[in-house]
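> So here's entry.cif (mmCIF, C-alpha atoms and all ligand atoms).
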```cif
data_structure
#
loop_
_atom_site.group_PDB
_atom_site.id
_atom_site.type_symbol
_atom_site.label_atom_id
_atom_site.label_comp_id
_atom_site.auth_asym_id
_atom_site.auth_seq_id
_atom_site.Cartn_x
_atom_site.Cartn_y
_atom_site.Cartn_z
ATOM 1 C CA MET A 1 -30.252 -12.668 -29.111
ATOM 2 C CA HIS A 2 -28.448 -15.863 -28.094
ATOM 3 C CA ALA A 3 -26.150 -15.367 -25.116
ATOM 4 C CA ARG A 4 -23.103 -16.529 -27.071
ATOM 5 C CA ALA A 5 -23.809 -14.023 -29.816
ATOM 6 C CA VAL A 6 -24.149 -11.265 -27.222
ATOM 7 C CA ALA A 7 -20.807 -12.261 -25.725
ATOM 8 C CA ALA A 8 -19.135 -12.264 -29.123
ATOM 9 C CA MET A 9 -20.554 -8.855 -29.991
ATOM 10 C CA THR A 10 -19.489 -7.444 -26.602
ATOM 11 C CA THR A 11 -15.979 -8.746 -27.127
ATOM 12 C CA ALA A 12 -15.814 -7.202 -30.572
ATOM 13 C CA LEU A 13 -17.064 -3.861 -29.298
ATOM 14 C CA LEU A 14 -14.720 -3.730 -26.323
ATOM 15 C CA GLY A 15 -11.685 -4.952 -28.212
ATOM 16 C CA THR A 16 -8.887 -7.164 -27.021
ATOM 17 C CA ALA A 17 -8.041 -4.957 -24.017
ATOM 18 C CA ALA A 18 -11.152 -6.261 -22.287
ATOM 19 C CA LEU A 19 -9.786 -9.784 -22.527
ATOM 20 C CA LEU A 20 -6.614 -8.921 -20.650
ATOM 21 C CA SER A 21 -6.169 -8.970 -16.902
ATOM 22 C CA PRO A 22 -7.296 -5.767 -15.174
ATOM 23 C CA THR A 23 -4.839 -3.039 -14.350
ATOM 24 C CA ALA A 24 -3.582 -2.659 -10.797
ATOM 25 C CA VAL A 25 -5.688 0.358 -9.815
ATOM 26 C CA ALA A 26 -8.239 -0.023 -12.616
ATOM 27 C CA ARG A 27 -7.752 3.484 -14.004
ATOM 28 C CA ALA A 28 -5.919 2.541 -17.185
ATOM 29 C CA ASP A 29 -8.975 0.524 -18.248
ATOM 30 C CA ALA A 30 -11.002 3.740 -18.218
ATOM 31 C CA PRO A 31 -9.194 6.372 -20.310
ATOM 32 C CA GLY A 32 -9.988 9.880 -19.136
ATOM 33 C CA ALA A 33 -11.011 8.726 -15.680
ATOM 34 C CA PRO A 34 -9.506 10.636 -12.739
ATOM 35 C CA PRO A 35 -6.637 9.063 -10.825
ATOM 36 C CA THR A 36 -7.505 6.542 -8.144
ATOM 37 C CA VAL A 37 -7.144 7.994 -4.642
ATOM 38 C CA LEU A 38 -5.363 5.929 -1.977
ATOM 39 C CA ALA A 39 -5.425 6.714 1.750
ATOM 40 C CA HIS A 40 -1.827 6.884 3.042
ATOM 41 C CA ARG A 41 -1.358 4.845 6.253
ATOM 42 C CA GLY A 42 -5.167 4.867 6.271
ATOM 43 C CA ALA A 43 -6.812 8.282 6.324
ATOM 44 C CA SER A 44 -3.899 9.427 8.467
ATOM 45 C CA ALA A 45 -4.721 13.130 8.590
ATOM 46 C CA HIS A 46 -7.994 12.175 10.247
ATOM 47 C CA ALA A 47 -7.059 9.245 12.499
ATOM 48 C CA PRO A 48 -3.833 7.758 13.909
ATOM 49 C CA GLU A 49 -1.794 6.274 11.076
ATOM 50 C CA ASN A 50 -1.714 2.540 10.441
ATOM 51 C CA THR A 51 -4.484 1.776 12.958
ATOM 52 C CA LEU A 52 -7.832 0.116 12.365
ATOM 53 C CA ALA A 53 -9.401 3.498 13.108
ATOM 54 C CA ALA A 54 -7.521 4.985 10.131
ATOM 55 C CA VAL A 55 -8.827 2.196 7.895
ATOM 56 C CA ASP A 56 -12.374 2.795 9.112
ATOM 57 C CA ARG A 57 -12.023 6.560 8.634
ATOM 58 C CA ALA A 58 -10.980 5.985 5.025
ATOM 59 C CA ALA A 59 -14.040 3.789 4.564
ATOM 60 C CA GLU A 60 -16.265 6.480 6.061
ATOM 61 C CA LEU A 61 -14.805 8.921 3.551
ATOM 62 C CA GLY A 62 -15.640 6.485 0.766
ATOM 63 C CA VAL A 63 -11.989 5.737 -0.035
ATOM 64 C CA ALA A 64 -11.533 2.193 -1.297
ATOM 65 C CA TRP A 65 -7.741 1.922 -1.239
ATOM 66 C CA VAL A 66 -5.647 2.091 1.932
ATOM 67 C CA GLU A 67 -1.853 2.014 2.178
ATOM 68 C CA ASN A 68 0.004 0.546 5.162
ATOM 69 C CA ASP A 69 3.481 -0.437 6.385
ATOM 70 C CA VAL A 70 4.431 -3.915 7.595
ATOM 71 C CA GLN A 71 7.284 -4.844 9.959
ATOM 72 C CA ARG A 72 8.079 -7.726 12.337
ATOM 73 C CA THR A 73 8.258 -8.163 16.112
ATOM 74 C CA ARG A 74 10.987 -9.928 18.085
ATOM 75 C CA ASP A 75 8.892 -13.086 18.246
ATOM 76 C CA GLY A 76 8.018 -13.079 14.563
ATOM 77 C CA GLU A 77 4.574 -11.449 14.366
ATOM 78 C CA LEU A 78 3.886 -9.084 11.471
ATOM 79 C CA VAL A 79 2.572 -5.738 12.683
ATOM 80 C CA VAL A 80 1.430 -2.585 10.913
ATOM 81 C CA VAL A 81 3.594 0.392 11.843
ATOM 82 C CA HIS A 82 5.669 2.889 9.852
ATOM 83 C CA ASP A 83 8.783 3.797 11.835
ATOM 84 C CA ASP A 84 11.393 1.186 12.746
ATOM 85 C CA ASN A 85 10.844 2.233 16.358
ATOM 86 C CA LEU A 86 7.709 2.751 18.430
ATOM 87 C CA ARG A 87 8.409 6.175 19.966
ATOM 88 C CA ARG A 88 6.537 8.558 17.685
ATOM 89 C CA THR A 89 3.250 6.706 17.364
ATOM 90 C CA THR A 90 2.872 4.943 20.730
ATOM 91 C CA ASP A 91 3.422 5.446 24.475
ATOM 92 C CA VAL A 92 6.279 2.930 24.491
ATOM 93 C CA GLU A 93 8.639 5.253 26.388
ATOM 94 C CA GLU A 94 6.194 5.390 29.313
ATOM 95 C CA VAL A 95 5.288 1.718 29.301
ATOM 96 C CA PHE A 96 8.827 0.399 28.768
ATOM 97 C CA PRO A 97 11.147 3.205 29.975
ATOM 98 C CA GLY A 98 14.263 1.066 30.063
ATOM 99 C CA ARG A 99 14.035 -0.278 26.537
ATOM 100 C CA ALA A 100 15.622 2.452 24.381
ATOM 101 C CA PRO A 101 15.825 2.784 21.383
ATOM 102 C CA TRP A 102 12.391 1.104 21.324
ATOM 103 C CA LYS A 103 12.835 -0.705 18.000
ATOM 104 C CA VAL A 104 9.877 -2.702 16.699
ATOM 105 C CA LYS A 105 12.151 -5.720 16.231
ATOM 106 C CA ASP A 106 13.125 -5.678 19.932
ATOM 107 C CA PHE A 107 9.580 -6.044 21.288
ATOM 108 C CA THR A 108 7.294 -9.067 21.355
ATOM 109 C CA ALA A 109 3.830 -8.938 19.859
ATOM 110 C CA ALA A 110 2.335 -9.165 23.358
ATOM 111 C CA GLU A 111 4.359 -6.155 24.487
ATOM 112 C CA ILE A 112 3.363 -4.122 21.439
ATOM 113 C CA ALA A 113 -0.273 -5.066 21.963
ATOM 114 C CA ARG A 114 -0.139 -3.240 25.329
ATOM 115 C CA LEU A 115 0.811 0.087 23.727
ATOM 116 C CA ASP A 116 -1.527 2.999 23.109
ATOM 117 C CA ALA A 117 -1.156 3.934 19.437
ATOM 118 C CA GLY A 118 -3.897 6.555 19.429
ATOM 119 C CA SER A 119 -3.416 9.095 22.249
ATOM 120 C CA TRP A 120 -0.494 10.818 20.483
ATOM 121 C CA PHE A 121 -2.950 11.746 17.730
ATOM 122 C CA GLY A 122 -5.817 12.847 19.956
ATOM 123 C CA PRO A 123 -7.817 11.818 23.039
ATOM 124 C CA ALA A 124 -10.653 10.490 20.912
ATOM 125 C CA TYR A 125 -8.322 7.710 19.800
ATOM 126 C CA ALA A 126 -6.933 6.727 23.208
ATOM 127 C CA GLY A 127 -6.512 2.979 23.377
ATOM 128 C CA ALA A 128 -6.071 2.366 19.656
ATOM 129 C CA ARG A 129 -3.584 -0.448 19.133
ATOM 130 C CA VAL A 130 -0.796 -1.303 16.724
ATOM 131 C CA PRO A 131 -2.618 -3.910 14.632
ATOM 132 C CA THR A 132 -1.161 -7.192 13.566
ATOM 133 C CA LEU A 133 -1.135 -7.677 9.806
ATOM 134 C CA LYS A 134 -3.846 -10.301 10.237
ATOM 135 C CA GLN A 135 -6.091 -7.902 12.153
ATOM 136 C CA TYR A 136 -5.420 -5.193 9.597
ATOM 137 C CA VAL A 137 -6.191 -7.170 6.439
ATOM 138 C CA ASP A 138 -9.281 -8.657 8.042
ATOM 139 C CA ARG A 139 -10.582 -5.142 8.750
ATOM 140 C CA VAL A 140 -9.770 -3.963 5.210
ATOM 141 C CA ASP A 141 -11.612 -6.997 3.868
ATOM 142 C CA ARG A 142 -14.580 -6.481 6.169
ATOM 143 C CA ASN A 143 -14.812 -2.886 4.916
ATOM 144 C CA HIS A 144 -14.678 -4.140 1.294
ATOM 145 C CA GLN A 145 -11.584 -2.019 0.766
ATOM 146 C CA LYS A 146 -8.409 -2.595 -1.242
ATOM 147 C CA LEU A 147 -4.850 -2.797 0.053
ATOM 148 C CA LEU A 148 -1.559 -1.200 -1.004
ATOM 149 C CA LEU A 149 0.762 -3.032 1.377
ATOM 150 C CA GLU A 150 4.303 -1.714 1.887
ATOM 151 C CA ILE A 151 7.016 -4.028 3.148
ATOM 152 C CA LYS A 152 8.941 -1.543 5.286
ATOM 153 C CA ASN A 153 12.662 -1.887 6.082
ATOM 154 C CA PRO A 154 12.877 -5.433 4.663
ATOM 155 C CA ALA A 155 16.635 -5.599 5.285
ATOM 156 C CA LEU A 156 15.818 -5.722 9.020
ATOM 157 C CA TYR A 157 13.483 -8.679 8.610
ATOM 158 C CA PRO A 158 14.899 -11.542 6.502
ATOM 159 C CA GLY A 159 12.121 -13.617 4.963
ATOM 160 C CA ILE A 160 9.416 -11.002 5.565
ATOM 161 C CA GLU A 161 8.219 -11.294 1.960
ATOM 162 C CA GLN A 162 7.352 -14.977 2.299
ATOM 163 C CA GLN A 163 5.840 -14.418 5.722
ATOM 164 C CA THR A 164 3.696 -11.540 4.442
ATOM 165 C CA LEU A 165 2.418 -13.655 1.578
ATOM 166 C CA LYS A 166 1.589 -16.440 4.030
ATOM 167 C CA VAL A 167 -0.572 -14.136 6.135
ATOM 168 C CA LEU A 168 -2.228 -12.749 3.018
ATOM 169 C CA GLY A 169 -2.908 -16.288 1.806
ATOM 170 C CA ASN A 170 -4.277 -17.428 5.165
ATOM 171 C CA GLU A 171 -6.679 -14.485 5.214
ATOM 172 C CA GLY A 172 -7.949 -15.016 1.671
ATOM 173 C CA TRP A 173 -6.051 -12.190 -0.002
ATOM 174 C CA LEU A 174 -4.386 -14.421 -2.591
ATOM 175 C CA GLU A 175 -7.693 -15.630 -4.027
ATOM 176 C CA PRO A 176 -8.379 -14.565 -7.632
ATOM 177 C CA GLY A 177 -10.930 -11.946 -6.568
ATOM 178 C CA HIS A 178 -8.363 -10.164 -4.418
ATOM 179 C CA LEU A 179 -5.413 -10.600 -6.778
ATOM 180 C CA ALA A 180 -7.313 -9.170 -9.719
ATOM 181 C CA GLY A 181 -7.870 -5.726 -8.300
ATOM 182 C CA ARG A 182 -7.689 -5.455 -4.540
ATOM 183 C CA LEU A 183 -4.031 -5.998 -3.665
ATOM 184 C CA ILE A 184 -0.692 -4.388 -4.501
ATOM 185 C CA VAL A 185 2.528 -5.096 -2.574
ATOM 186 C CA GLN A 186 5.186 -2.375 -2.740
ATOM 187 C CA SER A 187 8.588 -1.538 -1.249
ATOM 188 C CA PHE A 188 11.484 0.888 -1.530
ATOM 189 C CA SER A 189 13.631 -2.247 -1.863
ATOM 190 C CA ALA A 190 13.757 -3.542 -5.438
ATOM 191 C CA LYS A 191 15.104 -6.805 -4.065
ATOM 192 C CA SER A 192 12.063 -7.194 -1.846
ATOM 193 C CA VAL A 193 9.639 -6.391 -4.689
ATOM 194 C CA ARG A 194 11.387 -8.894 -6.947
ATOM 195 C CA THR A 195 11.201 -11.535 -4.221
ATOM 196 C CA VAL A 196 7.448 -11.034 -3.838
ATOM 197 C CA HIS A 197 7.006 -11.326 -7.588
ATOM 198 C CA GLU A 198 9.073 -14.520 -7.768
ATOM 199 C CA LEU A 199 7.318 -16.111 -4.808
ATOM 200 C CA LYS A 200 3.816 -15.248 -6.015
ATOM 201 C CA PRO A 201 3.755 -14.014 -9.625
ATOM 202 C CA GLY A 202 0.012 -13.347 -9.494
ATOM 203 C CA VAL A 203 0.448 -10.505 -7.000
ATOM 204 C CA ARG A 204 0.621 -6.972 -8.431
ATOM 205 C CA THR A 205 3.789 -5.272 -7.215
ATOM 206 C CA GLY A 206 5.059 -1.701 -7.029
ATOM 207 C CA PHE A 207 8.524 -0.180 -6.651
ATOM 208 C CA LEU A 208 8.705 2.950 -4.512
ATOM 209 C CA GLY A 209 11.065 5.412 -6.154
ATOM 210 C CA THR A 210 11.946 7.121 -9.408
ATOM 211 C CA PRO A 211 14.326 4.893 -11.370
ATOM 212 C CA ASP A 212 16.101 6.316 -14.400
ATOM 213 C CA VAL A 213 14.138 5.741 -17.589
ATOM 214 C CA ALA A 214 17.014 3.601 -18.860
ATOM 215 C CA GLU A 215 16.486 1.272 -15.905
ATOM 216 C CA LEU A 216 12.754 0.850 -16.389
ATOM 217 C CA PRO A 217 13.046 -2.304 -18.541
ATOM 218 C CA ASP A 218 14.734 -4.024 -15.598
ATOM 219 C CA TYR A 219 12.008 -2.936 -13.171
ATOM 220 C CA ALA A 220 9.304 -3.986 -15.634
ATOM 221 C CA GLU A 221 10.407 -7.600 -15.182
ATOM 222 C CA PHE A 222 9.037 -7.718 -11.625
ATOM 223 C CA ALA A 223 7.030 -4.548 -10.907
ATOM 224 C CA ASP A 224 3.620 -3.551 -12.257
ATOM 225 C CA LEU A 225 3.847 -0.044 -10.843
ATOM 226 C CA ILE A 226 6.483 2.627 -10.353
ATOM 227 C CA ASN A 227 5.513 4.796 -7.377
ATOM 228 C CA PRO A 228 7.553 8.012 -7.084
ATOM 229 C CA ALA A 229 7.534 10.905 -4.628
ATOM 230 C CA HIS A 230 5.314 13.483 -6.298
ATOM 231 C CA GLY A 231 8.051 16.136 -6.374
ATOM 232 C CA SER A 232 10.188 13.937 -8.602
ATOM 233 C CA LEU A 233 7.498 13.590 -11.291
ATOM 234 C CA SER A 234 7.042 15.157 -14.719
ATOM 235 C CA VAL A 235 4.673 14.521 -17.580
ATOM 236 C CA GLY A 236 7.564 13.042 -19.554
ATOM 237 C CA TYR A 237 8.495 10.618 -16.803
ATOM 238 C CA VAL A 238 4.926 9.346 -16.426
ATOM 239 C CA ALA A 239 4.673 8.839 -20.188
ATOM 240 C CA ALA A 240 7.996 7.007 -20.190
ATOM 241 C CA VAL A 241 6.802 4.635 -17.453
ATOM 242 C CA HIS A 242 3.515 4.006 -19.253
ATOM 243 C CA ALA A 243 5.422 2.995 -22.385
ATOM 244 C CA PHE A 244 6.689 -0.177 -20.716
ATOM 245 C CA SER A 245 4.709 -3.331 -20.004
ATOM 246 C CA GLY A 246 4.992 -5.034 -16.648
ATOM 247 C CA PRO A 247 4.983 -8.694 -15.643
ATOM 248 C CA HIS A 248 1.235 -8.951 -16.255
ATOM 249 C CA ASP A 249 1.576 -7.653 -19.813
ATOM 250 C CA ARG A 250 -0.117 -4.364 -19.039
ATOM 251 C CA PRO A 251 1.411 -0.891 -19.181
ATOM 252 C CA LEU A 252 3.288 0.017 -16.035
ATOM 253 C CA GLU A 253 1.234 2.302 -13.797
ATOM 254 C CA VAL A 254 2.261 5.247 -11.633
ATOM 255 C CA LEU A 255 1.099 6.089 -8.105
ATOM 256 C CA ALA A 256 2.364 9.436 -6.770
ATOM 257 C CA TRP A 257 2.982 10.056 -3.041
ATOM 258 C CA THR A 258 2.371 11.797 -0.695
ATOM 259 C CA VAL A 259 0.049 14.459 -2.096
ATOM 260 C CA ASP A 260 -1.938 16.462 0.448
ATOM 261 C CA THR A 261 -2.909 19.693 -1.326
ATOM 262 C CA ALA A 262 -5.403 20.335 -4.090
ATOM 263 C CA ALA A 263 -2.759 22.145 -6.157
ATOM 264 C CA ASP A 264 -0.315 19.224 -6.045
ATOM 265 C CA ALA A 265 -3.124 16.792 -6.760
ATOM 266 C CA ARG A 266 -4.162 18.695 -9.879
ATOM 267 C CA ARG A 267 -0.529 18.963 -10.976
ATOM 268 C CA VAL A 268 0.211 15.240 -10.800
ATOM 269 C CA ALA A 269 -3.211 14.382 -12.250
ATOM 270 C CA GLY A 270 -2.197 16.557 -15.190
ATOM 271 C CA TYR A 271 0.904 14.420 -15.604
ATOM 272 C CA GLY A 272 -1.365 11.407 -16.154
ATOM 273 C CA VAL A 273 -0.632 9.425 -12.999
ATOM 274 C CA ASP A 274 -2.880 6.439 -12.337
ATOM 275 C CA GLY A 275 -3.233 7.019 -8.622
ATOM 276 C CA ILE A 276 -2.501 9.509 -5.853
ATOM 277 C CA ILE A 277 -1.531 8.413 -2.338
ATOM 278 C CA SER A 278 -2.626 10.949 0.263
ATOM 279 C CA ASN A 279 -3.011 11.553 3.979
ATOM 280 C CA ARG A 280 -5.986 13.707 2.951
ATOM 281 C CA PRO A 281 -7.771 11.571 0.362
ATOM 282 C CA ASP A 282 -10.889 13.700 0.710
ATOM 283 C CA VAL A 283 -8.955 16.814 -0.353
ATOM 284 C CA VAL A 284 -7.419 15.010 -3.317
ATOM 285 C CA ARG A 285 -10.718 13.534 -4.413
ATOM 286 C CA ASP A 286 -12.393 16.935 -4.277
ATOM 287 C CA ALA A 287 -9.562 18.342 -6.399
ATOM 288 C CA VAL A 288 -9.366 15.688 -9.105
ATOM 289 C CA GLY A 289 -12.425 13.465 -8.726
ATOM 290 C CA GLY A 290 -11.825 9.729 -8.424
HETATM 291 O O1 LIG B 1 3.088 4.674 -0.312
HETATM 292 C C1 LIG B 1 4.061 5.637 -0.371
HETATM 293 C C2 LIG B 1 4.642 6.032 0.935
HETATM 294 O O2 LIG B 1 4.021 5.355 1.974
HETATM 295 C C3 LIG B 1 6.088 5.849 1.026
HETATM 296 O O3 LIG B 1 6.656 6.565 2.084
HETATM 297 O O4 LIG B 1 7.658 6.760 4.293
HETATM 298 O O5 LIG B 1 5.242 7.120 4.026
HETATM 299 O O6 LIG B 1 6.160 4.850 3.854
HETATM 300 P P1 LIG B 1 6.407 6.300 3.633
HETATM 301 CA CA CA B 2 4.284 3.526 3.410
#
```
Could you express the structure from this file as structure tokens?
Ligand code: G3P
Ligand code: CA


Amino acid sequence: MHARAVAAMTTALLGTAALLSPTAVARADAPGAPPTVLAHRGASAHAPENTLAAVDRAAELGVAWVENDVQRTRDGELVVVHDDNLRRTTDVEEVFPGRAPWKVKDFTAAEIARLDAGSWFGPAYAGARVPTLKQYVDRVDRNHQKLLLEIKNPALYPGIEQQTLKVLGNEGWLEPGHLAGRLIVQSFSAKSVRTVHELKPGVRTGFLGTPDVAELPDYAEFADLINPAHGSLSVGYVAAVHAFSGPHDRPLEVLAWTVDTAADARRVAGYGVDGIISNRPDVVRDAVGG
């Protein structure tokens, strides 16, 4: 059969949905498929959170999606770390004893690069570093993984949205192949999510939280996903979110966090969520597939 005829028949068989842009986590294009599993701060039950080791551990577990947290140093470098201070996940108190309260924004990138971000988790990870965003996305790319990037505490870092997009662009993450199914940018700040959408409309975006159903039309103007804490979810809420279309003219999707037990994973999967963010992605995958 002529190639054009094959293409026409394929289109007819698949229907118009196949002509639309893909969904953010690619589950909604496969009805009945299990939720996509995303490794929270990397596979953070298995390796120190938000380090390259946690990204690699997720890859070893066969987990494609990793979540991380981005903040900014005193001299303007984007780094991957969750808390607004460095105490819990590094040896900053030993290395810089006079620098309380050890805020990320009060240290230079060179100072942060000296810190051990692995020993707190276990001796096997001694010497792990707080990665820069550039180092992090390059490792995710090298591993052929996908990135759920959280802009953390954006009120502390004016302009961090534009700066994050610049790093992503420099490292090839704003190319069509990445935008179509390998990148989501999320935040607890609706303002920050809206800013990302306005600066780069091709980027899939997610709002972290559980807005009232009446507010969902507003969120659907700039967010492709609504990502609630799993305890706040119900089957009705997930259905309500799915009923709205986002800025890419696809139904809004739902990623639930942070789900670390098989029972919770099965519960939220039963609600119809599109993805599950977990410190223990292996446990979740065993429970629900995906
Ligand atoms: O991706 C969801 C989750 O990361 C949000 O909470 O505090 O772990 O960044 P947190
Ligand atoms: Ca996060």

> Quick one: apply the PyMOL selection byres (((chain A and resi 177-188) around 10) and not hetatm) to the file and drop the selected residues here as a PyMOL selection string.

chain A and resi 21-26+64-69+141+144-154+161+164-165+168+172-176+189-194+196-197+202-209+223-228

> Can you list, as a PyMOL selection string, every protein, DNA or RNA residue that comes within 12 Å of range 106-112 of chain A when you count only C-alpha atoms, leaving out same-chain residues fewer than 3 positions away?

chain A and resi 71-81+84-87+89-93+95-96+99-103+115-117+128-133+156-157

> Expand the PyMOL selection byres (((chain A and resi 263) around 12) and not hetatm) into the individual residues it matches in the shown file, reporting them as a PyMOL selection string.

chain A and resi 230+259-262+264-270+283-288

> Selected by the PyMOL selection byres (((chain A and resi 245-251) around 6) and not hetatm) in the shown coordinates: which residues, as a VMD selection string?

chain A and resid 220 to 222 224 242 244 252

> Just the number, please: distance in Å from CA of Gln162 in chain A to CA of Val70 in chain A, one decimal.

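Computing it gives 12.6 Å between the two atoms.
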
> Rank nothing, just name the residue among A:Trp257, A:Val238, A:Gly62, A:Leu233 nearest to ligand CA 2 (chain B), using all atoms listed in the file.

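Between A:Trp257, A:Val238, A:Gly62, A:Leu233, the residue approaching ligand CA 2 (chain B) most closely is A:Trp257.
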
> Using all atoms listed in the file for the distances, tell me which of A:Ala126, A:Val140, A:Leu38, A:Ala243 is nearest to ligand LIG 1 (chain B).

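Of all the options, A:Leu38 lies closest to ligand LIG 1 (chain B).
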
> Any idea what the distance is between CA of Asn50 in chain A and CA of Pro158 in chain A?

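It comes out at 22.1 Å.
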
> Enclose the full set of atoms of range 217-223 of chain A listed in the file within a box whose edges lie along x, y and z, apply 5 Å of padding to each of the six sides, and report centre and edge lengths in Å to one decimal as lines of an AutoDock Vina configuration file.


```
center_x = 10.9
center_y = -5.0
center_z = -14.7
size_x = 17.7
size_y = 15.4
size_z = 17.6
```

> For the atom pair CA of Ala214 in chain A and CA of Asp274 in chain A, what is the interatomic distance in Å to one decimal place?

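Those two atoms sit 21.1 Å apart.
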
> Hey, what's within 12 Å of Ser44 in chain A if we count all atoms listed in the file and toss same-chain stuff fewer than 3 positions away? As a PyMOL selection string, please?

chain A and resi 38-41+47-58+61+66-68+82+89+118+121+258+260+277-282

> Counting all atoms listed in the file, which of A:Tyr125, A:Gln163, A:Ala256, A:Gly272 gets nearest to ligand LIG 1 (chain B)?

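So, comparing all the options, the nearest one is A:Ala256.
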
> May I ask which of the residues A:Val273, A:Val213, A:Ile160, A:Ala229 is the closest one to ligand CA 2 (chain B), counting only C-alpha atoms and all ligand atoms?

A:Ala229

> Save range 175-186 of chain A from what I just supplied, as a PDB file, in the first residue's frame, atoms limited to N, CA, C and O atoms.


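Wrote out_15.pdb, looks like this:
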```pdb
ATOM      1  N   GLU A 175      14.235  22.092  23.360  1.00  0.00           N
ATOM      2  CA  GLU A 175      14.055  21.578  21.994  1.00  0.00           C
ATOM      3  C   GLU A 175      12.752  20.792  21.938  1.00  0.00           C
ATOM      4  O   GLU A 175      12.278  20.271  22.955  1.00  0.00           O
ATOM      5  N   PRO A 176      12.156  20.685  20.733  1.00  0.00           N
ATOM      6  CA  PRO A 176      10.853  20.007  20.623  1.00  0.00           C
ATOM      7  C   PRO A 176      10.831  18.615  21.245  1.00  0.00           C
ATOM      8  O   PRO A 176       9.851  18.223  21.880  1.00  0.00           O
ATOM      9  N   GLY A 177      11.904  17.857  21.097  1.00  0.00           N
ATOM     10  CA  GLY A 177      11.927  16.495  21.628  1.00  0.00           C
ATOM     11  C   GLY A 177      11.821  16.436  23.136  1.00  0.00           C
ATOM     12  O   GLY A 177      11.282  15.481  23.701  1.00  0.00           O
ATOM     13  N   HIS A 178      12.349  17.451  23.806  1.00  0.00           N
ATOM     14  CA  HIS A 178      12.245  17.517  25.266  1.00  0.00           C
ATOM     15  C   HIS A 178      10.893  18.085  25.681  1.00  0.00           C
ATOM     16  O   HIS A 178      10.237  17.562  26.588  1.00  0.00           O
ATOM     17  N   LEU A 179      10.469  19.150  24.990  1.00  0.00           N
ATOM     18  CA  LEU A 179       9.204  19.798  25.365  1.00  0.00           C
ATOM     19  C   LEU A 179       8.024  18.848  25.220  1.00  0.00           C
ATOM     20  O   LEU A 179       7.052  18.917  25.973  1.00  0.00           O
ATOM     21  N   ALA A 180       8.096  17.969  24.245  1.00  0.00           N
ATOM     22  CA  ALA A 180       6.928  17.138  23.933  1.00  0.00           C
ATOM     23  C   ALA A 180       6.649  16.059  24.961  1.00  0.00           C
ATOM     24  O   ALA A 180       5.563  15.515  24.999  1.00  0.00           O
ATOM     25  N   GLY A 181       7.592  15.736  25.805  1.00  0.00           N
ATOM     26  CA  GLY A 181       7.283  14.646  26.735  1.00  0.00           C
ATOM     27  C   GLY A 181       8.350  14.344  27.755  1.00  0.00           C
ATOM     28  O   GLY A 181       8.303  13.325  28.431  1.00  0.00           O
ATOM     29  N   ARG A 182       9.318  15.282  27.896  1.00  0.00           N
ATOM     30  CA  ARG A 182      10.390  14.990  28.848  1.00  0.00           C
ATOM     31  C   ARG A 182      10.555  16.063  29.904  1.00  0.00           C
ATOM     32  O   ARG A 182      11.476  15.972  30.734  1.00  0.00           O
ATOM     33  N   LEU A 183       9.708  17.091  29.883  1.00  0.00           N
ATOM     34  CA  LEU A 183       9.920  18.206  30.817  1.00  0.00           C
ATOM     35  C   LEU A 183       8.586  18.736  31.329  1.00  0.00           C
ATOM     36  O   LEU A 183       7.665  18.994  30.535  1.00  0.00           O
ATOM     37  N   ILE A 184       8.503  18.895  32.645  1.00  0.00           N
ATOM     38  CA  ILE A 184       7.405  19.623  33.289  1.00  0.00           C
ATOM     39  C   ILE A 184       8.056  20.539  34.324  1.00  0.00           C
ATOM     40  O   ILE A 184       8.960  20.114  35.058  1.00  0.00           O
ATOM     41  N   VAL A 185       7.607  21.801  34.385  1.00  0.00           N
ATOM     42  CA  VAL A 185       8.067  22.718  35.424  1.00  0.00           C
ATOM     43  C   VAL A 185       6.899  22.985  36.360  1.00  0.00           C
ATOM     44  O   VAL A 185       5.798  23.319  35.904  1.00  0.00           O
ATOM     45  N   GLN A 186       7.121  22.812  37.671  1.00  0.00           N
ATOM     46  CA  GLN A 186       6.043  22.972  38.639  1.00  0.00           C
ATOM     47  C   GLN A 186       6.481  23.875  39.788  1.00  0.00           C
ATOM     48  O   GLN A 186       7.681  24.087  40.014  1.00  0.00           O
TER      49      GLN A 186
END
```
